[in-house]
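**Q** Next up is a structure, given as structure tokens.
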Amino acid sequence: MHSGAIRRRLALGLAVLTASGLLAVAAPGEAQAASGYCPGRKVRTLPFSTGTVLVYKRGGYVCAVTLTKKPGVQRKMSVSVQARGNRPVVDEGKYRHHAGPVIVHAGRRCVWLKGQVGRGKFTSGWILC
């Protein structure tokens, strides 16, 4: 085999490895950007005075995150998801951008969502039944 053929094969192999490495690194970020904060598809956007609760669904799982309308300022935030018949799953604390995500397995049961940013609060009642 000539040295030119060896160089071409090495260059091709290097190109394939580089492309596969770039795809492996880029794919998770693209998937995150496409779906937002949670896996699945967005099924509800629930705005309230100081923020928004985003709700996603995938299979029997429901995921939620609370976003503030004024990111950058640290404030008390929370998000809660409760499948009917179970206890709520809660994330609360002082955050700058969002609380959550929280994920519960709801199956085909209704869920109750709550969100809070500062003094503004949201509660959904039973939804996604």
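In the structure tokens, each chain is lettered A, B, ... as it comes, each chain's residues begin at 1, and ligands are numbered from 1 in order of appearance.
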Extract, using only C-alpha atoms, all DNA, RNA and protein residues at most 9 Å from region 97-105 of chain A, discarding same-chain residues fewer than 4 positions from it, and format them as a VMD selection string.
**A** chain A and resid 37 to 38 59 to 75 77 to 83 88 to 93 115 to 117
**Q** Set the distance at 8 Å and use only C-alpha atoms: which residues neighbour Cys129 (chain A) once local chain neighbours fewer than 4 positions away are removed? I'd like the list as a list in words.
**A**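 The contact residues come out as Arg108, Arg109, Cys110 and Val111 of chain A.
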**Q** Would you output that residue set with N, CA and C atoms, as a PDB file, in the first residue's frame?
**A**
ATOM      1  N   ARG A 108     -52.307   7.142  34.233  1.00  0.00           N
ATOM      2  CA  ARG A 108     -53.467   7.833  33.663  1.00  0.00           C
ATOM      3  C   ARG A 108     -54.219   8.635  34.726  1.00  0.00           C
ATOM      4  N   ARG A 109     -53.580   8.857  35.872  1.00  0.00           N
ATOM      5  CA  ARG A 109     -54.217   9.594  36.964  1.00  0.00           C
ATOM      6  C   ARG A 109     -54.084  11.098  36.768  1.00  0.00           C
ATOM      7  N   CYS A 110     -54.967  11.848  37.369  1.00  0.00           N
ATOM      8  CA  CYS A 110     -54.905  13.305  37.359  1.00  0.00           C
ATOM      9  C   CYS A 110     -53.707  13.765  38.189  1.00  0.00           C
ATOM     10  N   VAL A 111     -53.249  14.965  37.908  1.00  0.00           N
ATOM     11  CA  VAL A 111     -52.161  15.558  38.696  1.00  0.00           C
ATOM     12  C   VAL A 111     -52.579  16.941  39.170  1.00  0.00           C
TER      13      VAL A 111
END
**Q** DSSP on the backbone, strand (DSSP E or B) only: what residues of region 40-122 of chain A does that give? Format it as a ChimeraX atom specification.
**A** /A:41-48,51-58,61-68,75-83,89-95,98-105,111-117,120-122
